[in-house]
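Student: Right, I'll just put the structure down here and ask away after.
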Amino acid sequence: MALKKDFVKFDKVDKSYDGKVLVVKDLQLDIEEGEFVTMLGPSGSGKTTCLMMLAGFETPTNGEIYLDGKAISSIPPHKRGIGMVFQNYALFPHMTVYENLAFPLRVRKIPKDEADKKIDKALSMVSLQGFASRMPGQLSGGQQQRVAVARSLVFDPQLVLMDEPLGALDKNLRESMQYEIKHIHENIGVTVVYVTHDQSEALTMSNRIAVFNDGKVQQLSSPDELYEKPVNSFVAEFIGENNTFVGEVSDISGGKCKVKIANTDILANPISVKGKGEKTKISLRPERALINPTDQMDNIHSGKIEEVIYHGDHTRVRINLLGNNQFILKVPNSSANLDIKLGKDIKIGWNSEDARALDPS
Amino acid sequence: MSSETKQILTTDGIPLEVSLKKAERKNKIKAFLLVAPLLLFLIITYVFPIGDMLFRSVDDKMVTQMLPKTFKAMETWDGQELPDEEVFAAFHEDFIKLVEDKREGKLSTQLNYTKNGFKSIIKKLRRKSKSFEEGNYKEQIMSVHKRWADVEYWRAIKRRAPEFTGQKYLKGMDMYVNEEGKIVSVEEDRRIHRVLWLRTLEIAFFVTVFCFLMAYPIAHLLATLPMKYSNLLMICVLLPFWTSLLVRTASWMILLQQQGIVNDFFVGIGLVADDNRPEMMYNKTGSYVAMTQILLPFMVLPLYSVMKTISPSLMRAGKSLGGTPFVAFWKVYFPLTIPGIGAGCLLVFILAIGYYITPALVGGASGTLISNQIAFHMKSTLDWSFASAMGLMLLSGVLVIYWLYNKLVGIDNIKLG
């Protein structure tokens with residue numbers, strides 16, 4: 001059985017709540033069967049609205065959503081067969097863990113012995129065997145979260161939606177839950193659509209990430225591509241740390257462009273600039289710039305160290321470079337780099353390929 | 001074990017517990033002083049009157065004190081035949097004293113509660129007793145009226161001897177102690193209180209049901225509507241609270257009377273004939289309608305406060321897991337509102353069971369409740385001990401309901417807001 005390329009398909013979906021502002025604009029999104037797709041974006045970017053439309057709690061103002069080839073706009077939520085994990089788990093507080101998990105099976109009229117087997121399986125999947133008779137209130141946050149995951153999977157849905165499920169957990173627990181959910185996904189091969197505003201969560205867990213802003217998908221690609229090759233300055237700035245230079249293209253040729261910044265030309269990789277005279281914003285990851293460049297880097301400039309912050313395994317160095325005093329460098333704490341001192345002038349170099357000249361916004 | 005029981009000392013060598021008490025004493029006194037006014041207020045306005053009421057309902061000292069010598073002389077009387085001269089003489093002595101104090105009227109009222117017919121013979125005895133000769137009082141008193149020669153009346157007097165009595169409670173249940181000292185019900189056509197008790201329970205029950213049916217959707221709307229609409233709705237719910245109870249009841253009288261607005265409307269749309277307008281007031285219907293409207297906020301508010309805390313994602317979860325909207329409501333939402341339902345129903349039922357003004361104004365004869373009867377005895381017959389007895393029966397009824405509720409639902413499950 002071949003996996004479907006467009007298991008979930010958003011086709012030209014618009015959504016407006018008040019008839020004045022579009023929360024989601026012309027959304028075009030295909031999700032493969034068995035994929036873990038994350039919708040990532042700042043709050044108010046429309047990602048949760050998309051999830052709610054998929055779940056059936058909101059209706060698209062325009063366009064259509066297809067699930068496994070069927071248009072689902074007219075299907076009520078309870079007939080869509082989509083599992084969902086809510087932000088605050090939404091466990092039924094008056095039911096035991098067992099009853100919570102039995103709820104979707106009972107409404108589907110699955111015989112009790114079969115249901116018990118499914119519940120056991122789901123609980124062991126989230127390593128909560130022996131908790132069946134507890135009330136949700138007697139569980140810790142992480143345990144409640146796992147019950148919510150088990151409940152969303154217990155009736156074998158084809159698709160599971162997760163709406164910032166780890167938002168209420170503390171940092172350590174959140175990280176371990178990320179791996180746990182990832183492993184569950186890998187083991188049972190269910191399609192997952194995950195919503196979060198936490199980029200590290202998105203990068204760790206997903207096959208592909210859709211970066212939302214202003215009701216639009218800015219970029220849909222794998223985590224590494226998203227990080228290494230952002231297609232516009234919003235994505236570049238939203239994902240990971242980023243150094244930017246604003247300037248004007250003075251020359252463009254042979255897959256490289258010259259950008260004039262503070263009377264100096266730097267070489268960059270033209271991504272969204274087409275010709276001379278265009279304004280652009282250059283994005284450069286901190287770890288792609290090196291101090292004391294020795295190899296053949298085509299950009300070498302010198303700057304002054306403004307701030308040094310010790311981070312254990314690395315040191316963050318803030319440098320005033322080409323008029324940008326927010327230029328950040330991450331320097332590994334090796335014995336070779338002990339001479340980084342405040343106020344010192346140092347040379348910094350990077351490859352023009354890593355400096356991506358993007359849209360100026 | 002010994003190390004655990006060893007007294008822990010502070011660094012200054014004072015036992016820790018003593019030191020702790022000393023440190024907390026000031027706060028405790030402060031806390032008590034803050035509560036003291038309320039405590040005092042409660043004792044004066046609540047504990048004391050209720051205690052007095054409880055006492056009054058069983059207190060029967062009045063007659064005991066009016067006829068002290070008579071009851072002393074009656075101690076040896078077996079109650080079979082007419083008492084002997086000693087009793088009559090003692091009674092005469094007590095009676096003369098009462099006449100001097102002009103208190104014989106009270107005696108006649110009191111004795112009349114026990115047995116009808118005392119009023120007239122005591123009046124007659126007062127007139128005749130002025131010309132009584134010394135000695136042989138038995139003959140003289142018996143010749144005043146033939147009832148004075150009836151052993152039944154003397155037994156009735158003897159029944160008033162104890163200082164305390166439960167007979168008011170029996171009367172509240174349409175029962176009495178008969179001549180043989182057995183507790184029996186009064187004749188069928190004179191049982192007024194039982195009907196009233198049952199009607200009170202019935203009306204309170206149905207008013208609670210109506211309130212619940214109407215308040216549940218309102219409270220749900222209030223809890224789920226956006227702020228600007230829910231505020232407006234909340235004001236609509238609370239508006240009756242800010243209006244005088246009397247005004248509200250009076251406006252129901254305007255609406256419900258036979259020539260009233262509701263009837264006019266029914267006639268206007270052809271639902272009823274003009275010469276056959278239904279009576280919607282001065283009967284149970286009036287009590288139901290007006291009491292439901294007046295008590296509605298007491299149901300809406302606890303329900304609302306509970307519903308407000310139920311996350312909308314729970315209903316969504318129920319639906320996303322495959323429950324139809326009804327199943328999601330019934331299995332998820334409804335059970336979570338039970339604390340509010342319990343609080344609202346208890347509140348409305350308890351208020352309704354003791355309701356007074358509204359049934360008095362719109363209830364008519366078939367829509368009055370037990371509290372109207374209590375008020376009647378407080379104001380008209382001045383039988384305060386009977387009114388107190390019925391008030392206490394009402395109170396204990398409420399406590400029974402409270403106890404039942406606690407057994408069935410659990411009182412800590414209640415949520416008033």
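Following the order of the structure tokens, first chain is A, next is B, and so on, with residues numbered from 1 inside each chain and ligands from 1 in the order they appear.
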Report as a list in words all protein, DNA and RNA residues lying within 9 Å of B:Cys345, evaluated on only C-alpha atoms, omitting residues in the same chain fewer than 2 positions from it.
Tutor: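 Returned residues: Thr208, Val209, Cys211, Phe212, Phe298, Met299, Gly340, Ile341, Gly342, Ala343, Leu347, Val348, Phe349 and Ile350 of chain B.
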Student: Using the selection just defined, write its residues with C-alpha atoms as a short mmCIF file (atom, residue, chain, number, x, y, z; two decimals), in the first residue's frame.
Tutor:
```cif
data_model
loop_
_atom_site.label_atom_id
_atom_site.label_comp_id
_atom_site.auth_asym_id
_atom_site.auth_seq_id
_atom_site.Cartn_x
_atom_site.Cartn_y
_atom_site.Cartn_z
CA THR B 208 -37.20 23.59 41.63
CA VAL B 209 -37.73 21.47 38.54
CA CYS B 211 -36.18 26.62 37.68
CA PHE B 212 -33.67 23.94 36.73
CA PHE B 298 -30.76 31.41 42.62
CA MET B 299 -30.52 28.54 40.16
CA GLY B 340 -23.88 23.44 40.41
CA ILE B 341 -27.17 21.61 39.91
CA GLY B 342 -27.00 20.36 43.48
CA ALA B 343 -26.28 23.79 44.87
CA LEU B 347 -31.00 26.62 47.34
CA VAL B 348 -34.21 26.98 45.36
CA PHE B 349 -35.95 24.13 47.14
CA ILE B 350 -35.09 25.45 50.59
#
```
Student: Fewer than 4 positions away in the same chain doesn't count, so skip those; otherwise give me all residues within 10 Å of B:Glu104, counting only C-alpha atoms, as a PyMOL selection string.
Tutor: chain B and resi 66+94-100+108-110+119+122-123+126
Student: Compile the residues of chain B that lie within 12 Å of chain A, evaluated using only C-alpha atoms, and express the compilation as a ChimeraX atom specification.
Tutor: /B:309-329,331-339
Student: I need the residues from that last selection saved to file as a compact mmCIF listing (two decimals), in the first residue's frame (with N, CA and C atoms), if you can.
Tutor:
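Produced file part.txt, reproduced below:
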```txt
# COMPACT_ATOMS: atom_id res chain seq x y z
N THR B 309 -16.26 27.25 34.87
CA THR B 309 -14.97 26.60 35.11
C THR B 309 -14.76 25.39 34.20
N ILE B 310 -15.79 25.01 33.44
CA ILE B 310 -15.62 23.84 32.57
C ILE B 310 -14.98 24.29 31.26
N SER B 311 -13.82 23.75 30.99
CA SER B 311 -13.10 24.17 29.80
C SER B 311 -13.86 23.75 28.54
N PRO B 312 -14.02 24.67 27.56
CA PRO B 312 -14.72 24.29 26.33
C PRO B 312 -13.99 23.18 25.59
N SER B 313 -12.70 23.01 25.88
CA SER B 313 -11.98 21.95 25.17
C SER B 313 -12.46 20.57 25.58
N LEU B 314 -13.14 20.47 26.75
CA LEU B 314 -13.64 19.15 27.16
C LEU B 314 -14.73 18.67 26.21
N MET B 315 -15.65 19.58 25.85
CA MET B 315 -16.70 19.22 24.91
C MET B 315 -16.07 18.88 23.56
N ARG B 316 -15.09 19.67 23.18
CA ARG B 316 -14.42 19.42 21.91
C ARG B 316 -13.74 18.06 21.94
N ALA B 317 -13.09 17.77 23.07
CA ALA B 317 -12.42 16.48 23.20
C ALA B 317 -13.45 15.36 23.03
N GLY B 318 -14.60 15.54 23.71
CA GLY B 318 -15.65 14.53 23.61
C GLY B 318 -16.07 14.30 22.17
N LYS B 319 -16.20 15.40 21.42
CA LYS B 319 -16.63 15.28 20.03
C LYS B 319 -15.51 14.69 19.17
N SER B 320 -14.28 15.16 19.40
CA SER B 320 -13.19 14.66 18.55
C SER B 320 -12.95 13.18 18.78
N LEU B 321 -13.33 12.69 19.96
CA LEU B 321 -13.14 11.27 20.23
C LEU B 321 -14.28 10.43 19.67
N GLY B 322 -15.23 11.09 19.03
CA GLY B 322 -16.26 10.34 18.33
C GLY B 322 -17.64 10.41 18.96
N GLY B 323 -17.77 11.14 20.07
CA GLY B 323 -19.09 11.28 20.68
C GLY B 323 -19.94 12.26 19.90
N THR B 324 -21.21 11.91 19.68
CA THR B 324 -22.09 12.89 19.05
C THR B 324 -22.23 14.06 20.02
N PRO B 325 -22.69 15.22 19.54
CA PRO B 325 -22.84 16.36 20.45
C PRO B 325 -23.64 15.98 21.69
N PHE B 326 -24.68 15.14 21.52
CA PHE B 326 -25.48 14.77 22.68
C PHE B 326 -24.69 13.91 23.66
N VAL B 327 -23.97 12.93 23.13
CA VAL B 327 -23.17 12.06 24.00
C VAL B 327 -22.11 12.89 24.73
N ALA B 328 -21.45 13.77 23.99
CA ALA B 328 -20.42 14.61 24.61
C ALA B 328 -21.05 15.44 25.73
N PHE B 329 -22.25 15.96 25.48
CA PHE B 329 -22.92 16.75 26.51
C PHE B 329 -23.26 15.88 27.71
N LYS B 331 -22.30 12.79 28.68
CA LYS B 331 -21.28 12.03 29.39
C LYS B 331 -20.18 12.93 29.95
N VAL B 332 -19.97 14.07 29.31
CA VAL B 332 -18.84 14.90 29.73
C VAL B 332 -19.32 16.16 30.43
N TYR B 333 -20.16 16.93 29.75
CA TYR B 333 -20.51 18.25 30.28
C TYR B 333 -21.44 18.14 31.48
N PHE B 334 -22.50 17.38 31.29
CA PHE B 334 -23.52 17.31 32.34
C PHE B 334 -22.98 16.82 33.68
N PRO B 335 -22.22 15.72 33.71
CA PRO B 335 -21.72 15.27 35.02
C PRO B 335 -20.87 16.33 35.72
N LEU B 336 -20.20 17.15 34.93
CA LEU B 336 -19.34 18.16 35.54
C LEU B 336 -20.16 19.32 36.12
N THR B 337 -21.43 19.44 35.69
CA THR B 337 -22.24 20.54 36.22
C THR B 337 -23.03 20.11 37.45
N ILE B 338 -22.92 18.83 37.83
CA ILE B 338 -23.73 18.34 38.96
C ILE B 338 -23.52 19.15 40.25
N PRO B 339 -22.29 19.53 40.59
CA PRO B 339 -22.15 20.35 41.81
C PRO B 339 -23.00 21.62 41.74
```
Student: Near B:Glu134, counting only C-alpha atoms, which residues have an atom at most 12 Å away, once you skip same-chain residues fewer than 4 positions from it, shown as a list in words?
Tutor: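 Here the answer would be Ala89, His92, Glu93, Ser129, Lys130, Lys138, Glu139, Gln140 and Ile141 of chain B.
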Student: Which one of A:Gln158, A:Ser283, A:Asn325, A:Asn242 sits closest to A:Val8 if you count only C-alpha atoms?
Tutor: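 Distance minimum relative to A:Val8 lands on A:Gln158.
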Student: Going by DSSP on the backbone, which residues of stretch 69-204 of chain A come out as helix (DSSP H, G or I)? List them as a PyMOL selection string.
Tutor: chain A and resi 77-79+97-107+112-125+136-138+141-153+171-188+199-204
Student: Would you write out those residues with C-alpha atoms, as a PDB file, in the first residue's frame?
Tutor:
```pdb
ATOM      1  CA  PRO A  77     -16.091  16.606  14.146  1.00  0.00           C
ATOM      2  CA  HIS A  78     -17.309  13.391  15.727  1.00  0.00           C
ATOM      3  CA  LYS A  79     -17.518  11.642  12.375  1.00  0.00           C
ATOM      4  CA  VAL A  97      -7.893   7.027  33.213  1.00  0.00           C
ATOM      5  CA  TYR A  98      -9.545   3.805  32.071  1.00  0.00           C
ATOM      6  CA  GLU A  99     -12.878   5.506  31.462  1.00  0.00           C
ATOM      7  CA  ASN A 100     -11.177   8.342  29.631  1.00  0.00           C
ATOM      8  CA  LEU A 101      -9.562   5.879  27.269  1.00  0.00           C
ATOM      9  CA  ALA A 102     -12.727   3.817  27.012  1.00  0.00           C
ATOM     10  CA  PHE A 103     -14.801   6.831  25.952  1.00  0.00           C
ATOM     11  CA  PRO A 104     -13.884   6.803  22.225  1.00  0.00           C
ATOM     12  CA  LEU A 105     -14.218   3.010  22.151  1.00  0.00           C
ATOM     13  CA  ARG A 106     -17.563   2.985  23.895  1.00  0.00           C
ATOM     14  CA  VAL A 107     -19.109   5.506  21.515  1.00  0.00           C
ATOM     15  CA  LYS A 112     -15.563  -4.666  26.122  1.00  0.00           C
ATOM     16  CA  ASP A 113     -12.842  -7.327  25.885  1.00  0.00           C
ATOM     17  CA  GLU A 114     -11.530  -5.862  22.661  1.00  0.00           C
ATOM     18  CA  ALA A 115     -11.684  -2.388  24.135  1.00  0.00           C
ATOM     19  CA  ASP A 116      -9.768  -3.545  27.219  1.00  0.00           C
ATOM     20  CA  LYS A 117      -7.023  -4.890  24.992  1.00  0.00           C
ATOM     21  CA  LYS A 118      -6.781  -1.626  23.109  1.00  0.00           C
ATOM     22  CA  ILE A 119      -6.681   0.354  26.335  1.00  0.00           C
ATOM     23  CA  ASP A 120      -3.925  -1.853  27.746  1.00  0.00           C
ATOM     24  CA  LYS A 121      -1.946  -1.423  24.562  1.00  0.00           C
ATOM     25  CA  ALA A 122      -2.385   2.334  24.543  1.00  0.00           C
ATOM     26  CA  LEU A 123      -1.409   2.650  28.198  1.00  0.00           C
ATOM     27  CA  SER A 124       1.689   0.530  27.744  1.00  0.00           C
ATOM     28  CA  MET A 125       2.611   2.658  24.735  1.00  0.00           C
ATOM     29  CA  PRO A 136      -6.732  12.561  36.186  1.00  0.00           C
ATOM     30  CA  GLY A 137      -6.426  14.874  39.186  1.00  0.00           C
ATOM     31  CA  GLN A 138      -4.166  12.328  40.901  1.00  0.00           C
ATOM     32  CA  GLY A 141       1.256  17.007  34.468  1.00  0.00           C
ATOM     33  CA  GLY A 142       3.462  14.703  32.440  1.00  0.00           C
ATOM     34  CA  GLN A 143       1.313  11.694  33.233  1.00  0.00           C
ATOM     35  CA  GLN A 144      -1.866  13.562  32.284  1.00  0.00           C
ATOM     36  CA  GLN A 145      -0.188  14.535  29.057  1.00  0.00           C
ATOM     37  CA  ARG A 146       0.613  10.907  28.304  1.00  0.00           C
ATOM     38  CA  VAL A 147      -2.943   9.854  29.082  1.00  0.00           C
ATOM     39  CA  ALA A 148      -4.136  12.487  26.624  1.00  0.00           C
ATOM     40  CA  VAL A 149      -1.800  11.086  23.969  1.00  0.00           C
ATOM     41  CA  ALA A 150      -2.949   7.535  24.709  1.00  0.00           C
ATOM     42  CA  ARG A 151      -6.585   8.602  24.494  1.00  0.00           C
ATOM     43  CA  SER A 152      -6.061  10.250  21.128  1.00  0.00           C
ATOM     44  CA  LEU A 153      -4.511   7.054  19.774  1.00  0.00           C
ATOM     45  CA  LYS A 171      11.481  22.244  30.395  1.00  0.00           C
ATOM     46  CA  ASN A 172      12.983  18.845  31.286  1.00  0.00           C
ATOM     47  CA  LEU A 173       9.692  17.033  31.073  1.00  0.00           C
ATOM     48  CA  ARG A 174       8.895  18.776  27.822  1.00  0.00           C
ATOM     49  CA  GLU A 175      12.100  17.533  26.260  1.00  0.00           C
ATOM     50  CA  SER A 176      11.622  13.947  27.340  1.00  0.00           C
ATOM     51  CA  MET A 177       7.999  14.043  26.146  1.00  0.00           C
ATOM     52  CA  GLN A 178       9.166  15.313  22.763  1.00  0.00           C
ATOM     53  CA  TYR A 179      11.218  12.174  22.262  1.00  0.00           C
ATOM     54  CA  GLU A 180       8.449  10.001  23.622  1.00  0.00           C
ATOM     55  CA  ILE A 181       5.895  11.385  21.178  1.00  0.00           C
ATOM     56  CA  LYS A 182       8.401  11.122  18.361  1.00  0.00           C
ATOM     57  CA  HIS A 183       9.016   7.465  19.162  1.00  0.00           C
ATOM     58  CA  ILE A 184       5.316   6.705  19.388  1.00  0.00           C
ATOM     59  CA  HIS A 185       4.895   8.281  15.985  1.00  0.00           C
ATOM     60  CA  GLU A 186       7.739   6.247  14.547  1.00  0.00           C
ATOM     61  CA  ASN A 187       6.396   3.018  16.042  1.00  0.00           C
ATOM     62  CA  ILE A 188       2.794   3.206  14.912  1.00  0.00           C
ATOM     63  CA  GLN A 199      10.876  26.116  17.402  1.00  0.00           C
ATOM     64  CA  SER A 200      13.190  23.677  19.149  1.00  0.00           C
ATOM     65  CA  GLU A 201      10.214  21.393  19.703  1.00  0.00           C
ATOM     66  CA  ALA A 202       9.378  21.646  16.023  1.00  0.00           C
ATOM     67  CA  LEU A 203      12.931  21.009  14.906  1.00  0.00           C
ATOM     68  CA  THR A 204      13.326  17.953  17.152  1.00  0.00           C
TER      69      THR A 204
END
```
Student: Using DSSP on the backbone coordinates, identify all residues within stretch 134-216 of chain A classified as strand (DSSP E); present the result as a PyMOL selection string.
Tutor: chain A and resi 159-163+191-196+208-213+216
Student: Can you tell me, as a compact mmCIF listing (two decimals) with N, CA and C atoms, in the first residue's frame, what residues are no more than 8 Å from B:Val87 when counting only C-alpha atoms, ignoring any on the same chain fewer than 4 positions away?
Tutor:
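Output file selection_36.txt is given in full below:
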```txt
# COMPACT_ATOMS: atom_id res chain seq x y z
N THR B 70 -54.36 23.99 91.73
CA THR B 70 -55.22 22.99 91.10
C THR B 70 -54.42 21.77 90.70
N ALA B 73 -53.28 19.72 93.58
CA ALA B 73 -54.35 18.89 94.12
C ALA B 73 -54.69 17.75 93.17
N MET B 74 -54.50 17.97 91.85
CA MET B 74 -54.87 16.96 90.86
C MET B 74 -53.89 15.80 90.81
N PRO B 83 -63.14 14.87 89.92
CA PRO B 83 -62.24 15.07 91.07
C PRO B 83 -63.04 15.48 92.30
N PHE B 91 -59.00 24.87 92.60
CA PHE B 91 -59.30 25.54 91.35
C PHE B 91 -59.96 26.89 91.62
```
Student: Can you work out the spacing between atom CA of A:Val331 and atom CA of A:Asp298 in Å, to one decimal?
Tutor: 20.0 Å
Student: If we count only C-alpha atoms, what is near stretch 198-201 of chain B at a cut-off of 8 Å, once residues fewer than 5 positions away on the same chain are taken out, given as a PDB file with N, CA and C atoms, in the first residue's frame?
Tutor:
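Below you can see part.pdb, which holds the result:
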```
ATOM      1  N   ILE B 353     -39.585  26.228  49.920  1.00  0.00           N
ATOM      2  CA  ILE B 353     -40.343  25.517  50.952  1.00  0.00           C
ATOM      3  C   ILE B 353     -40.795  26.496  52.036  1.00  0.00           C
ATOM      4  N   THR B 368     -51.547  28.499  48.718  1.00  0.00           N
ATOM      5  CA  THR B 368     -50.792  28.958  49.882  1.00  0.00           C
ATOM      6  C   THR B 368     -49.978  27.805  50.456  1.00  0.00           C
ATOM      7  N   LEU B 369     -48.948  28.192  51.156  1.00  0.00           N
ATOM      8  CA  LEU B 369     -48.004  27.212  51.669  1.00  0.00           C
ATOM      9  C   LEU B 369     -48.029  27.216  53.195  1.00  0.00           C
ATOM     10  N   ILE B 370     -47.221  26.350  53.760  1.00  0.00           N
ATOM     11  CA  ILE B 370     -47.206  26.190  55.204  1.00  0.00           C
ATOM     12  C   ILE B 370     -46.777  27.475  55.895  1.00  0.00           C
TER      13      ILE B 370
END
```
Student: List as number ranges by chain the protein and nucleic acid residues near A:Lys5, meaning an atom at most 9 Å away when only C-alpha atoms are counted, but skip any in the same chain fewer than 5 places from it.
Tutor: A: 30-33
Student: Suppose we keep C-alpha atoms; can you now write the selection as a PDB file, in the first residue's frame?
Tutor:
```pdb
ATOM      1  CA  ASP A  30      -0.365  18.813   1.481  1.00  0.00           C
ATOM      2  CA  ILE A  31       0.505  16.366   4.212  1.00  0.00           C
ATOM      3  CA  GLU A  32       1.762  12.897   3.424  1.00  0.00           C
ATOM      4  CA  GLU A  33       0.394   9.789   5.082  1.00  0.00           C
TER       5      GLU A  33
END
```
Student: Can you pull out every residue within 12 Å of B:Met390, counting only C-alpha atoms, but drop anything in the same chain fewer than 2 positions away, and send it as a ChimeraX atom specification?
Tutor: /B:53-54,56-58,166-174,193-194,196-197,354,369-378,383-388,392-397
